[in-house]
>>> print(open('run-v9.pdb').read())   # PDB, C-alpha atoms, pLDDT in the B column
MODEL        1
ATOM      1  CA  MET J   1      -1.130 -24.920 -20.500  1.00 42.00           C
ATOM      2  CA  ASP J   2      -0.853 -21.143 -21.012  1.00 56.00           C
ATOM      3  CA  GLN J   3       1.729 -19.481 -18.821  1.00 62.00           C
ATOM      4  CA  VAL J   4       0.803 -15.952 -19.868  1.00 60.00           C
ATOM      5  CA  GLU J   5      -2.674 -14.482 -20.017  1.00 63.00           C
ATOM      6  CA  PHE J   6      -3.105 -10.947 -21.334  1.00 64.00           C
ATOM      7  CA  ARG J   7      -5.813  -8.662 -19.979  1.00 67.00           C
ATOM      8  CA  SER J   8      -6.507  -5.075 -20.882  1.00 68.00           C
ATOM      9  CA  LEU J   9      -6.984  -2.643 -18.009  1.00 64.00           C
ATOM     10  CA  ARG J  10      -8.543  -0.100 -20.337  1.00 62.00           C
ATOM     11  CA  GLU J  11     -11.581  -2.209 -21.213  1.00 64.00           C
ATOM     12  CA  ARG J  12     -14.650  -1.467 -19.186  1.00 60.00           C
ATOM     13  CA  GLY J  13     -15.691  -4.077 -16.659  1.00 62.00           C
ATOM     14  CA  GLN J  14     -12.226  -5.623 -16.185  1.00 63.00           C
ATOM     15  CA  ALA J  15     -11.919  -6.274 -12.460  1.00 63.00           C
ATOM     16  CA  ILE J  16      -8.756  -8.090 -11.398  1.00 70.00           C
ATOM     17  CA  LYS J  17      -8.497  -9.222  -7.789  1.00 72.00           C
ATOM     18  CA  GLY J  18      -5.648  -7.794  -5.725  1.00 75.00           C
ATOM     19  CA  ILE J  19      -4.201  -5.458  -8.351  1.00 74.00           C
ATOM     20  CA  ASP J  20      -3.219  -1.853  -7.611  1.00 74.00           C
ATOM     21  CA  MET J  21      -5.148  -0.201 -10.463  1.00 72.00           C
ATOM     22  CA  VAL J  22      -3.432   3.176 -10.038  1.00 69.00           C
ATOM     23  CA  LEU J  23       0.013   1.604 -10.393  1.00 73.00           C
ATOM     24  CA  ALA J  24      -1.123  -0.820 -13.099  1.00 70.00           C
ATOM     25  CA  GLU J  25      -2.364   2.077 -15.236  1.00 66.00           C
ATOM     26  CA  LYS J  26       1.150   3.550 -15.127  1.00 69.00           C
ATOM     27  CA  GLN J  27       3.224   0.350 -15.365  1.00 74.00           C
ATOM     28  CA  MET J  28       2.775  -3.103 -16.785  1.00 74.00           C
ATOM     29  CA  ALA J  29       1.612  -5.590 -14.143  1.00 76.00           C
ATOM     30  CA  SER J  30       2.058  -9.348 -13.817  1.00 76.00           C
ATOM     31  CA  TYR J  31       1.159 -11.946 -11.246  1.00 76.00           C
ATOM     32  CA  THR J  32       2.939 -15.140 -10.235  1.00 75.00           C
ATOM     33  CA  THR J  33       2.597 -15.523  -6.473  1.00 75.00           C
ATOM     34  CA  THR J  34       2.505 -11.750  -5.898  1.00 81.00           C
ATOM     35  CA  TRP J  35       1.862  -8.735  -8.111  1.00 84.00           C
ATOM     36  CA  ALA J  36       4.860  -7.177  -9.861  1.00 84.00           C
ATOM     37  CA  TYR J  37       4.947  -3.897 -11.771  1.00 86.00           C
ATOM     38  CA  GLY J  38       7.255  -2.259 -14.319  1.00 87.00           C
ATOM     39  CA  TYR J  39      10.584  -3.883 -15.145  1.00 90.00           C
ATOM     40  CA  GLU J  40      10.166  -6.548 -12.463  1.00 90.00           C
ATOM     41  CA  SER J  41       7.045  -7.678 -14.305  1.00 88.00           C
ATOM     42  CA  ILE J  42       8.936  -7.895 -17.600  1.00 88.00           C
ATOM     43  CA  PHE J  43      11.790  -9.706 -15.853  1.00 91.00           C
ATOM     44  CA  ARG J  44       9.437 -12.348 -14.422  1.00 88.00           C
ATOM     45  CA  ILE J  45       7.838 -12.964 -17.818  1.00 86.00           C
ATOM     46  CA  LEU J  46      11.158 -13.159 -19.689  1.00 87.00           C
ATOM     47  CA  ALA J  47      12.594 -15.516 -17.043  1.00 87.00           C
ATOM     48  CA  THR J  48       9.929 -18.089 -17.958  1.00 86.00           C
ATOM     49  CA  LEU J  49      10.943 -18.146 -21.650  1.00 88.00           C
ATOM     50  CA  PRO J  50      13.664 -20.768 -22.270  1.00 91.00           C
ATOM     51  CA  LEU J  51      14.797 -19.035 -25.471  1.00 93.00           C
ATOM     52  CA  LEU J  52      15.874 -16.014 -23.411  1.00 91.00           C
ATOM     53  CA  TRP J  53      17.647 -17.901 -20.614  1.00 92.00           C
ATOM     54  CA  PRO J  54      21.106 -17.041 -22.053  1.00 94.00           C
ATOM     55  CA  LEU J  55      20.235 -13.382 -21.364  1.00 94.00           C
ATOM     56  CA  PHE J  56      19.152 -14.127 -17.792  1.00 93.00           C
ATOM     57  CA  PRO J  57      22.355 -12.847 -16.080  1.00 95.00           C
ATOM     58  CA  ALA J  58      22.021  -9.444 -17.789  1.00 95.00           C
ATOM     59  CA  LEU J  59      18.275  -9.262 -17.091  1.00 93.00           C
ATOM     60  CA  TRP J  60      18.881 -10.243 -13.457  1.00 95.00           C
ATOM     61  CA  PHE J  61      21.602  -7.585 -13.081  1.00 97.00           C
ATOM     62  CA  LEU J  62      19.226  -4.930 -14.471  1.00 95.00           C
ATOM     63  CA  ASN J  63      16.581  -6.104 -11.999  1.00 93.00           C
ATOM     64  CA  ILE J  64      18.678  -6.093  -8.811  1.00 95.00           C
ATOM     65  CA  THR J  65      20.391  -2.771  -9.574  1.00 95.00           C
ATOM     66  CA  LYS J  66      17.056  -1.124 -10.509  1.00 93.00           C
ATOM     67  CA  ILE J  67      18.635   0.087 -13.777  1.00 96.00           C
ATOM     68  CA  GLY J  68      15.967  -1.890 -15.646  1.00 94.00           C
ATOM     69  CA  GLN J  69      13.228  -0.016 -13.761  1.00 92.00           C
ATOM     70  CA  GLY J  70      14.848   3.314 -14.657  1.00 93.00           C
ATOM     71  CA  ILE J  71      14.954   2.377 -18.344  1.00 92.00           C
ATOM     72  CA  TYR J  72      11.379   1.100 -18.128  1.00 88.00           C
ATOM     73  CA  ILE J  73      10.150   4.390 -16.638  1.00 88.00           C
ATOM     74  CA  GLN J  74      11.887   6.426 -19.344  1.00 89.00           C
ATOM     75  CA  LEU J  75      10.242   4.318 -22.049  1.00 86.00           C
ATOM     76  CA  ALA J  76       6.857   4.382 -20.298  1.00 79.00           C
ATOM     77  CA  VAL J  77       6.870   8.177 -19.933  1.00 75.00           C
ATOM     78  CA  ASN J  78       7.522   8.610 -23.661  1.00 78.00           C
ATOM     79  CA  ARG J  79       5.065   5.989 -24.937  1.00 73.00           C
ATOM     80  CA  LYS J  80       2.054   6.809 -27.048  1.00 72.00           C
ATOM     81  CA  ILE J  81      -1.303   5.360 -25.997  1.00 65.00           C
ATOM     82  CA  ILE J  82      -3.592   4.693 -28.918  1.00 65.00           C
ATOM     83  CA  PRO J  83      -7.193   5.340 -27.875  1.00 63.00           C
ATOM     84  CA  ILE J  84      -9.473   2.404 -28.652  1.00 64.00           C
ATOM     85  CA  HIS J  85     -12.684   3.618 -26.993  1.00 63.00           C
ATOM     86  CA  CYS J  86     -13.426   6.443 -29.415  1.00 65.00           C
ATOM     87  CA  ASP J  87     -16.458   7.289 -31.460  1.00 63.00           C
ATOM     88  CA  ASN J  88     -17.361  10.394 -33.442  1.00 62.00           C
ATOM     89  CA  ASP J  89     -18.362  12.446 -30.376  1.00 64.00           C
ATOM     90  CA  SER J  90     -16.035  11.442 -27.563  1.00 65.00           C
ATOM     91  CA  CYS J  91     -12.891   9.537 -26.705  1.00 64.00           C
ATOM     92  CA  ASN J  92     -12.555   7.845 -23.297  1.00 59.00           C
ATOM     93  CA  ILE J  93      -9.168   6.547 -22.279  1.00 53.00           C
TER      94      ILE J  93
ENDMDL
END
>>> encode(input="run-v9.pdb", output="structure tokens")
Amino acid sequence: MDQVEFRSLRERGQAIKGIDMVLAEKQMASYTTTWAYGYESIFRILATLPLLWPLFPALWFLNITKIGQGIYIQLAVNRKIIPIHCDNDSCNI
């Protein structure tokens, strides 16, 4: 059973029920019982990986103090998005 399913928000025709598309375009989104965005999303995914359980106290601390979200925002602001919907005449992102 797959615990993680990846979906691209930049592909045309991707409708995902209940997601805040404006926020999801700015931050990574994940769903367990509710939608999570940014560092909380990463935290939820990493918490399901047994190999990373020894790091759980540090990840949890970053989550509750919102330091993880601050780091996430700094990385997200400086990221480079590689356009994949380009042809010779136009490039839609």
>>> residues_around(input="run-v9.pdb", residues="Ile42 of chain J", least_positions_apart="2", cutoff="10 Å", atoms="only C-alpha atoms", output="ChimeraX atom specification")
/J:28-30,36-40,44-47,59,63,68-69,72
>>> atom_distance(input="run-v9.pdb", atom1="atom CA of Val77 of chain J", atom2="atom CA of Asp20 of chain J")
18.8 Å
>>> residues_near_point(input="run-v9.pdb", point="(5.8, 3.3, -19.8)", cutoff="10 Å", atoms="all atoms listed in the file", output="list in words")
Glu25, Lys26, Gln27, Met28, Gly38, Tyr39, Ile71, Tyr72, Ile73, Gln74, Leu75, Ala76, Val77, Asn78, Arg79, Lys80 and Ile81 of chain J
>>> write_last_selection(input="run-v9.pdb", atoms="C-alpha atoms", output="PDB file, in the frame of the given file")
ATOM      1  CA  GLU J  25      -2.364   2.077 -15.236  1.00 66.00           C
ATOM      2  CA  LYS J  26       1.150   3.550 -15.127  1.00 69.00           C
ATOM      3  CA  GLN J  27       3.224   0.350 -15.365  1.00 74.00           C
ATOM      4  CA  MET J  28       2.775  -3.103 -16.785  1.00 74.00           C
ATOM      5  CA  GLY J  38       7.255  -2.259 -14.319  1.00 87.00           C
ATOM      6  CA  TYR J  39      10.584  -3.883 -15.145  1.00 90.00           C
ATOM      7  CA  ILE J  71      14.954   2.377 -18.344  1.00 92.00           C
ATOM      8  CA  TYR J  72      11.379   1.100 -18.128  1.00 88.00           C
ATOM      9  CA  ILE J  73      10.150   4.390 -16.638  1.00 88.00           C
ATOM     10  CA  GLN J  74      11.887   6.426 -19.344  1.00 89.00           C
ATOM     11  CA  LEU J  75      10.242   4.318 -22.049  1.00 86.00           C
ATOM     12  CA  ALA J  76       6.857   4.382 -20.298  1.00 79.00           C
ATOM     13  CA  VAL J  77       6.870   8.177 -19.933  1.00 75.00           C
ATOM     14  CA  ASN J  78       7.522   8.610 -23.661  1.00 78.00           C
ATOM     15  CA  ARG J  79       5.065   5.989 -24.937  1.00 73.00           C
ATOM     16  CA  LYS J  80       2.054   6.809 -27.048  1.00 72.00           C
ATOM     17  CA  ILE J  81      -1.303   5.360 -25.997  1.00 65.00           C
TER      18      ILE J  81
END
>>> closest_residue(input="run-v9.pdb", among="J:Thr32, J:Met21, J:Gly70, J:Phe61", to="Thr48 of chain J", atoms="only C-alpha atoms")
J:Thr32
>>> atom_distance(input="run-v9.pdb", atom1="atom CA of Leu49 of chain J", atom2="atom CA of Ala24 of chain J")
22.8 Å
>>> atom_distance(input="run-v9.pdb", atom1="atom CA of Phe56 of chain J", atom2="atom CA of Ile16 of chain J")
29.3 Å
>>> closest_residue(input="run-v9.pdb", among="J:Leu55, J:Thr34, J:Phe43, J:Pro50", to="Lys17 of chain J", atoms="all atoms listed in the file")
J:Thr34
>>> closest_residue(input="run-v9.pdb", among="J:Ile19, J:Ala58, J:Ile67, J:Leu52", to="Tyr31 of chain J", atoms="all atoms listed in the file")
J:Ile19
